[in-house]
Amino acid sequence: MIKGLYEALLPVKDMNRSLAFYEKLGLEIAHRGDSLSFVWIEKGISWLGLWEGEQVNTPYHPSLRHIAFRVDYEDIKQAKQWLAAKGIAVREVFGFQPIAPIVLPNRPQAHTAIYFDDPDGNLLEFICPIELDTSDQEQMMYLHEWEELQSKRGKE
């Protein structure tokens with residue numbers, strides 16, 4: 001029955017500013033409204049709704065005001081530079097400085113991710129699975145450290 005996630009919504013303060021930001025990320029405007037607009041993540045497959053209103057004042061919590069965008073492995077390795085070229089800073093998370101993507105161990109899965117904020121403080125994430133159903137990774141680390149371990153193990 002379920003084929004995927006079609007829609008997620010984030011609160012915003014200024015619709016025009018937010019639409020310009022998400023267009024800078026390469027997302028196409030699907031619908032522009034006064035207080036509710038949508039941008040395509042994958043046209044016809046998933047979109048992100050931006051809702052202008054007082055909810056933007058809701059304090060951030062990981063279960064609220066957070067969206068993760070799936071990206072390819074080679075792209076995530078360049079994500080910090082790609083974002084910087086657009087004037088978007090990567091942020092510190094989980095005690096890791098914003099120097100490179102990090103590896104998130106959720107055994108038996110492992111993902112690599114990098115984090116940044118939109119203009120309203122909504123936490124955005126680029127994420128890529130790196131091991132599915134087979135990971136024995138127990139510690140968070142930078143992606144380049146994980147790649148070195150994989151190379152030593154002959155797994156990469």
# chains A, B, ... in the order shown; residues from 1 in each chain; ligands from 1
$ residues_around --residues "stretch 23-30 of chain A" --least-positions-apart "4" --cutoff "6 Å" --atoms "only C-alpha atoms" --output "VMD selection string"
chain A and resid 38 to 41
$ write_last_selection --atoms "N, CA and C atoms" --output "short mmCIF file (atom, residue, chain, number, x, y, z; two decimals), in the first residue's frame"
data_model
loop_
_atom_site.label_atom_id
_atom_site.label_comp_id
_atom_site.auth_asym_id
_atom_site.auth_seq_id
_atom_site.Cartn_x
_atom_site.Cartn_y
_atom_site.Cartn_z
N PHE A 38 4.35 24.97 -1.97
CA PHE A 38 5.00 23.67 -2.07
C PHE A 38 6.16 23.75 -3.04
N VAL A 39 7.24 23.04 -2.73
CA VAL A 39 8.37 22.88 -3.64
C VAL A 39 8.56 21.38 -3.88
N TRP A 40 8.85 21.04 -5.13
CA TRP A 40 9.09 19.63 -5.45
C TRP A 40 10.44 19.18 -4.92
N ILE A 41 10.46 18.04 -4.27
CA ILE A 41 11.71 17.36 -3.97
C ILE A 41 12.03 16.47 -5.16
#
$ residues_around --residues "A:Trp146" --least-positions-apart "4" --cutoff "10 Å" --atoms "only C-alpha atoms" --output "compact mmCIF listing (two decimals) with N, CA and C atoms, in the first residue's frame"
# COMPACT_ATOMS: atom_id res chain seq x y z
N ILE A 102 29.07 13.32 8.68
CA ILE A 102 29.32 12.37 9.77
C ILE A 102 28.61 11.05 9.46
N VAL A 103 29.05 10.00 10.13
CA VAL A 103 28.42 8.69 10.00
C VAL A 103 27.54 8.47 11.22
N THR A 112 25.36 8.38 6.26
CA THR A 112 26.20 9.54 6.40
C THR A 112 25.33 10.77 6.16
N GLN A 137 28.78 -0.81 12.74
CA GLN A 137 29.26 0.49 13.20
C GLN A 137 28.58 0.87 14.52
N GLN A 139 30.04 3.65 16.59
CA GLN A 139 30.39 5.02 16.98
C GLN A 139 30.15 5.98 15.83
N MET A 140 29.77 7.20 16.22
CA MET A 140 29.68 8.27 15.23
C MET A 140 31.10 8.72 14.91
N MET A 141 31.30 9.11 13.68
CA MET A 141 32.61 9.60 13.24
C MET A 141 32.41 10.38 11.95
N TYR A 142 33.46 11.05 11.52
CA TYR A 142 33.40 11.73 10.23
C TYR A 142 33.45 10.70 9.11
N GLN A 150 36.92 1.43 6.36
CA GLN A 150 36.44 0.51 5.33
C GLN A 150 37.59 0.07 4.43
N SER A 151 38.47 1.01 4.11
CA SER A 151 39.60 0.70 3.26
C SER A 151 40.53 -0.31 3.94
N LYS A 152 40.76 -0.12 5.24
CA LYS A 152 41.60 -1.06 6.00
C LYS A 152 40.96 -2.44 6.06
N GLU A 156 35.30 -1.25 1.15
CA GLU A 156 34.75 -0.13 0.39
C GLU A 156 34.57 -0.45 -1.06
$ closest_residue --among "A:Lys3, A:Arg65, A:His111, A:Arg91" --to "A:Ile127" --atoms "only C-alpha atoms"
A:His111
$ select_by_dssp --residues "stretch 20-103 of chain A" --states "strand (DSSP E or B)" --output "ChimeraX atom specification"
/A:28-31,36-42,46-52,61,64,66-70,90,93,96,102-103
$ atom_distance --atom1 "atom CA of A:Ser63" --atom2 "atom CA of A:Ser135"
24.8 Å
$ closest_residue --among "A:Glu148, A:Trp51, A:Lys43, A:Glu92" --to "A:Asp117" --atoms "only C-alpha atoms"
A:Glu92
$ select_by_dssp --residues "stretch 25-133 of chain A" --states "alpha helix (DSSP H)" --output "VMD selection string"
chain A and resid 73 to 77 79 to 85
$ residues_around --residues "stretch 6-20 of chain A" --least-positions-apart "6" --cutoff "10 Å" --atoms "only C-alpha atoms" --output "NGL selection string"
:A and (26-29 or 32-42 or 44-58 or 64-67 or 118-123)
$ residues_around --residues "stretch 75-84 of chain A" --least-positions-apart "2" --cutoff "9 Å" --atoms "only C-alpha atoms" --output "mmCIF file with N, CA and C atoms, in the first residue's frame"
data_model
loop_
_atom_site.group_PDB
_atom_site.id
_atom_site.type_symbol
_atom_site.label_atom_id
_atom_site.label_comp_id
_atom_site.auth_asym_id
_atom_site.auth_seq_id
_atom_site.Cartn_x
_atom_site.Cartn_y
_atom_site.Cartn_z
ATOM 1 N N LEU A 25 18.462 25.701 -3.274
ATOM 2 C CA LEU A 25 18.842 24.294 -3.092
ATOM 3 C C LEU A 25 18.520 23.446 -4.321
ATOM 4 N N VAL A 71 20.411 12.009 -0.601
ATOM 5 C CA VAL A 71 21.342 12.396 -1.657
ATOM 6 C C VAL A 71 22.246 11.208 -1.987
ATOM 7 N N ASP A 72 22.926 11.275 -3.118
ATOM 8 C CA ASP A 72 23.867 10.231 -3.512
ATOM 9 C C ASP A 72 25.164 10.343 -2.718
ATOM 10 N N TYR A 73 25.866 9.224 -2.627
ATOM 11 C CA TYR A 73 27.104 9.146 -1.857
ATOM 12 C C TYR A 73 28.147 10.159 -2.339
ATOM 13 N N LYS A 86 26.605 28.358 -2.179
ATOM 14 C CA LYS A 86 25.282 28.986 -2.176
ATOM 15 C C LYS A 86 25.096 29.893 -0.958
ATOM 16 N N GLY A 87 26.164 30.071 -0.166
ATOM 17 C CA GLY A 87 26.105 30.934 1.010
ATOM 18 C C GLY A 87 25.418 30.290 2.195
ATOM 19 N N ILE A 88 25.389 28.953 2.246
ATOM 20 C CA ILE A 88 24.717 28.223 3.316
ATOM 21 C C ILE A 88 25.763 27.499 4.156
ATOM 22 N N ALA A 89 25.768 27.772 5.444
ATOM 23 C CA ALA A 89 26.753 27.178 6.351
ATOM 24 C C ALA A 89 26.259 25.846 6.900
ATOM 25 N N VAL A 90 27.174 24.910 6.995
ATOM 26 C CA VAL A 90 26.914 23.630 7.644
ATOM 27 C C VAL A 90 26.987 23.868 9.145
ATOM 28 N N PRO A 98 31.380 21.304 12.138
ATOM 29 C CA PRO A 98 30.854 21.264 10.765
ATOM 30 C C PRO A 98 31.946 21.265 9.709
ATOM 31 N N ILE A 99 32.784 20.226 9.734
ATOM 32 C CA ILE A 99 33.890 20.174 8.771
ATOM 33 C C ILE A 99 33.638 19.172 7.652
ATOM 34 N N ALA A 100 32.782 18.193 7.886
ATOM 35 C CA ALA A 100 32.550 17.131 6.903
ATOM 36 C C ALA A 100 31.306 16.353 7.312
ATOM 37 N N PRO A 101 30.762 15.543 6.395
ATOM 38 C CA PRO A 101 29.637 14.675 6.763
ATOM 39 C C PRO A 101 30.056 13.723 7.892
ATOM 40 N N THR A 112 25.357 8.378 6.265
ATOM 41 C CA THR A 112 26.203 9.544 6.397
ATOM 42 C C THR A 112 25.326 10.765 6.162
ATOM 43 N N ALA A 113 25.584 11.833 6.923
ATOM 44 C CA ALA A 113 24.707 12.998 6.868
ATOM 45 C C ALA A 113 25.490 14.274 7.137
ATOM 46 N N ILE A 114 24.926 15.361 6.678
ATOM 47 C CA ILE A 114 25.441 16.696 6.958
ATOM 48 C C ILE A 114 24.229 17.595 7.197
ATOM 49 N N PHE A 116 22.286 21.525 8.113
ATOM 50 C CA PHE A 116 22.285 22.972 7.952
ATOM 51 C C PHE A 116 20.885 23.485 8.259
ATOM 52 N N PHE A 126 21.148 16.512 4.653
ATOM 53 C CA PHE A 126 21.400 15.667 3.487
ATOM 54 C C PHE A 126 21.851 14.337 4.066
ATOM 55 N N ILE A 127 21.263 13.237 3.623
ATOM 56 C CA ILE A 127 21.574 11.928 4.185
ATOM 57 C C ILE A 127 21.697 10.892 3.071
ATOM 58 N N CYS A 128 22.579 9.927 3.292
ATOM 59 C CA CYS A 128 22.815 8.868 2.323
ATOM 60 C C CYS A 128 23.078 7.566 3.071
ATOM 61 N N LEU A 143 32.861 11.051 7.979
ATOM 62 C CA LEU A 143 32.814 10.137 6.845
ATOM 63 C C LEU A 143 34.211 9.729 6.388
ATOM 64 N N HIS A 144 35.147 10.661 6.364
ATOM 65 C CA HIS A 144 36.491 10.301 5.911
ATOM 66 C C HIS A 144 37.136 9.277 6.855
#
$ decode --residues "stretch 72-156 of chain A" --atoms "C-alpha atoms" --output "PDB file, in the first residue's frame"
ATOM      1  CA  ASP A  72      23.867  10.231  -3.512  1.00  0.00           C
ATOM      2  CA  TYR A  73      27.104   9.146  -1.857  1.00  0.00           C
ATOM      3  CA  GLU A  74      29.396  11.152  -4.131  1.00  0.00           C
ATOM      4  CA  ASP A  75      27.200  14.233  -3.680  1.00  0.00           C
ATOM      5  CA  ILE A  76      27.267  14.113   0.114  1.00  0.00           C
ATOM      6  CA  LYS A  77      31.055  14.058   0.014  1.00  0.00           C
ATOM      7  CA  GLN A  78      30.890  17.446  -1.765  1.00  0.00           C
ATOM      8  CA  ALA A  79      27.849  18.803   0.116  1.00  0.00           C
ATOM      9  CA  LYS A  80      29.712  21.217   2.400  1.00  0.00           C
ATOM     10  CA  GLN A  81      31.396  22.910  -0.555  1.00  0.00           C
ATOM     11  CA  TRP A  82      28.170  22.864  -2.592  1.00  0.00           C
ATOM     12  CA  LEU A  83      26.263  24.546   0.246  1.00  0.00           C
ATOM     13  CA  ALA A  84      29.071  27.061   0.883  1.00  0.00           C
ATOM     14  CA  ALA A  85      28.948  28.114  -2.778  1.00  0.00           C
ATOM     15  CA  LYS A  86      25.282  28.986  -2.176  1.00  0.00           C
ATOM     16  CA  GLY A  87      26.105  30.934   1.010  1.00  0.00           C
ATOM     17  CA  ILE A  88      24.717  28.223   3.316  1.00  0.00           C
ATOM     18  CA  ALA A  89      26.753  27.178   6.351  1.00  0.00           C
ATOM     19  CA  VAL A  90      26.914  23.630   7.644  1.00  0.00           C
ATOM     20  CA  ARG A  91      26.173  23.352  11.369  1.00  0.00           C
ATOM     21  CA  GLU A  92      27.594  21.458  14.318  1.00  0.00           C
ATOM     22  CA  VAL A  93      25.586  18.414  15.425  1.00  0.00           C
ATOM     23  CA  PHE A  94      26.064  15.731  18.062  1.00  0.00           C
ATOM     24  CA  GLY A  95      29.293  17.448  19.175  1.00  0.00           C
ATOM     25  CA  PHE A  96      30.871  17.163  15.700  1.00  0.00           C
ATOM     26  CA  GLN A  97      32.296  20.322  14.176  1.00  0.00           C
ATOM     27  CA  PRO A  98      30.854  21.264  10.765  1.00  0.00           C
ATOM     28  CA  ILE A  99      33.890  20.174   8.771  1.00  0.00           C
ATOM     29  CA  ALA A 100      32.550  17.131   6.903  1.00  0.00           C
ATOM     30  CA  PRO A 101      29.637  14.675   6.763  1.00  0.00           C
ATOM     31  CA  ILE A 102      29.321  12.367   9.767  1.00  0.00           C
ATOM     32  CA  VAL A 103      28.416   8.692   9.998  1.00  0.00           C
ATOM     33  CA  LEU A 104      25.308   7.816  11.995  1.00  0.00           C
ATOM     34  CA  PRO A 105      25.312   4.257  13.357  1.00  0.00           C
ATOM     35  CA  ASN A 106      21.824   2.821  13.678  1.00  0.00           C
ATOM     36  CA  ARG A 107      22.763  -0.862  13.640  1.00  0.00           C
ATOM     37  CA  PRO A 108      22.354  -2.740  11.430  1.00  0.00           C
ATOM     38  CA  GLN A 109      22.097   0.424   9.291  1.00  0.00           C
ATOM     39  CA  ALA A 110      24.640   3.191   8.805  1.00  0.00           C
ATOM     40  CA  HIS A 111      24.072   6.527   7.106  1.00  0.00           C
ATOM     41  CA  THR A 112      26.203   9.544   6.397  1.00  0.00           C
ATOM     42  CA  ALA A 113      24.707  12.998   6.868  1.00  0.00           C
ATOM     43  CA  ILE A 114      25.441  16.696   6.958  1.00  0.00           C
ATOM     44  CA  TYR A 115      23.225  19.341   8.566  1.00  0.00           C
ATOM     45  CA  PHE A 116      22.285  22.972   7.952  1.00  0.00           C
ATOM     46  CA  ASP A 117      19.486  25.408   8.790  1.00  0.00           C
ATOM     47  CA  ASP A 118      16.945  27.125   6.595  1.00  0.00           C
ATOM     48  CA  PRO A 119      16.268  30.857   7.188  1.00  0.00           C
ATOM     49  CA  ASP A 120      13.732  30.023   9.929  1.00  0.00           C
ATOM     50  CA  GLY A 121      15.929  27.648  11.935  1.00  0.00           C
ATOM     51  CA  ASN A 122      14.333  24.477  10.586  1.00  0.00           C
ATOM     52  CA  LEU A 123      17.027  21.786  10.634  1.00  0.00           C
ATOM     53  CA  LEU A 124      17.767  20.366   7.199  1.00  0.00           C
ATOM     54  CA  GLU A 125      19.830  17.305   6.514  1.00  0.00           C
ATOM     55  CA  PHE A 126      21.400  15.667   3.487  1.00  0.00           C
ATOM     56  CA  ILE A 127      21.574  11.928   4.185  1.00  0.00           C
ATOM     57  CA  CYS A 128      22.815   8.868   2.323  1.00  0.00           C
ATOM     58  CA  PRO A 129      22.661   5.208   3.376  1.00  0.00           C
ATOM     59  CA  ILE A 130      26.111   3.619   3.375  1.00  0.00           C
ATOM     60  CA  GLU A 131      25.367   0.184   4.863  1.00  0.00           C
ATOM     61  CA  LEU A 132      21.965  -1.455   4.990  1.00  0.00           C
ATOM     62  CA  ASP A 133      21.242  -4.490   7.189  1.00  0.00           C
ATOM     63  CA  THR A 134      24.956  -5.276   7.628  1.00  0.00           C
ATOM     64  CA  SER A 135      26.536  -2.475   9.632  1.00  0.00           C
ATOM     65  CA  ASP A 136      28.444  -3.205  12.810  1.00  0.00           C
ATOM     66  CA  GLN A 137      29.262   0.494  13.204  1.00  0.00           C
ATOM     67  CA  GLU A 138      28.828   1.562  16.840  1.00  0.00           C
ATOM     68  CA  GLN A 139      30.394   5.018  16.976  1.00  0.00           C
ATOM     69  CA  MET A 140      29.682   8.271  15.230  1.00  0.00           C
ATOM     70  CA  MET A 141      32.606   9.600  13.237  1.00  0.00           C
ATOM     71  CA  TYR A 142      33.401  11.733  10.235  1.00  0.00           C
ATOM     72  CA  LEU A 143      32.814  10.137   6.845  1.00  0.00           C
ATOM     73  CA  HIS A 144      36.491  10.301   5.911  1.00  0.00           C
ATOM     74  CA  GLU A 145      37.316   8.326   9.086  1.00  0.00           C
ATOM     75  CA  TRP A 146      34.702   5.713   8.158  1.00  0.00           C
ATOM     76  CA  GLU A 147      36.133   5.479   4.639  1.00  0.00           C
ATOM     77  CA  GLU A 148      39.612   4.876   6.109  1.00  0.00           C
ATOM     78  CA  LEU A 149      38.239   2.062   8.294  1.00  0.00           C
ATOM     79  CA  GLN A 150      36.444   0.514   5.334  1.00  0.00           C
ATOM     80  CA  SER A 151      39.602   0.697   3.257  1.00  0.00           C
ATOM     81  CA  LYS A 152      41.596  -1.061   5.998  1.00  0.00           C
ATOM     82  CA  ARG A 153      38.910  -3.748   6.169  1.00  0.00           C
ATOM     83  CA  GLY A 154      38.822  -4.041   2.379  1.00  0.00           C
ATOM     84  CA  LYS A 155      35.052  -3.343   2.357  1.00  0.00           C
ATOM     85  CA  GLU A 156      34.751  -0.127   0.389  1.00  0.00           C
TER      86      GLU A 156
END
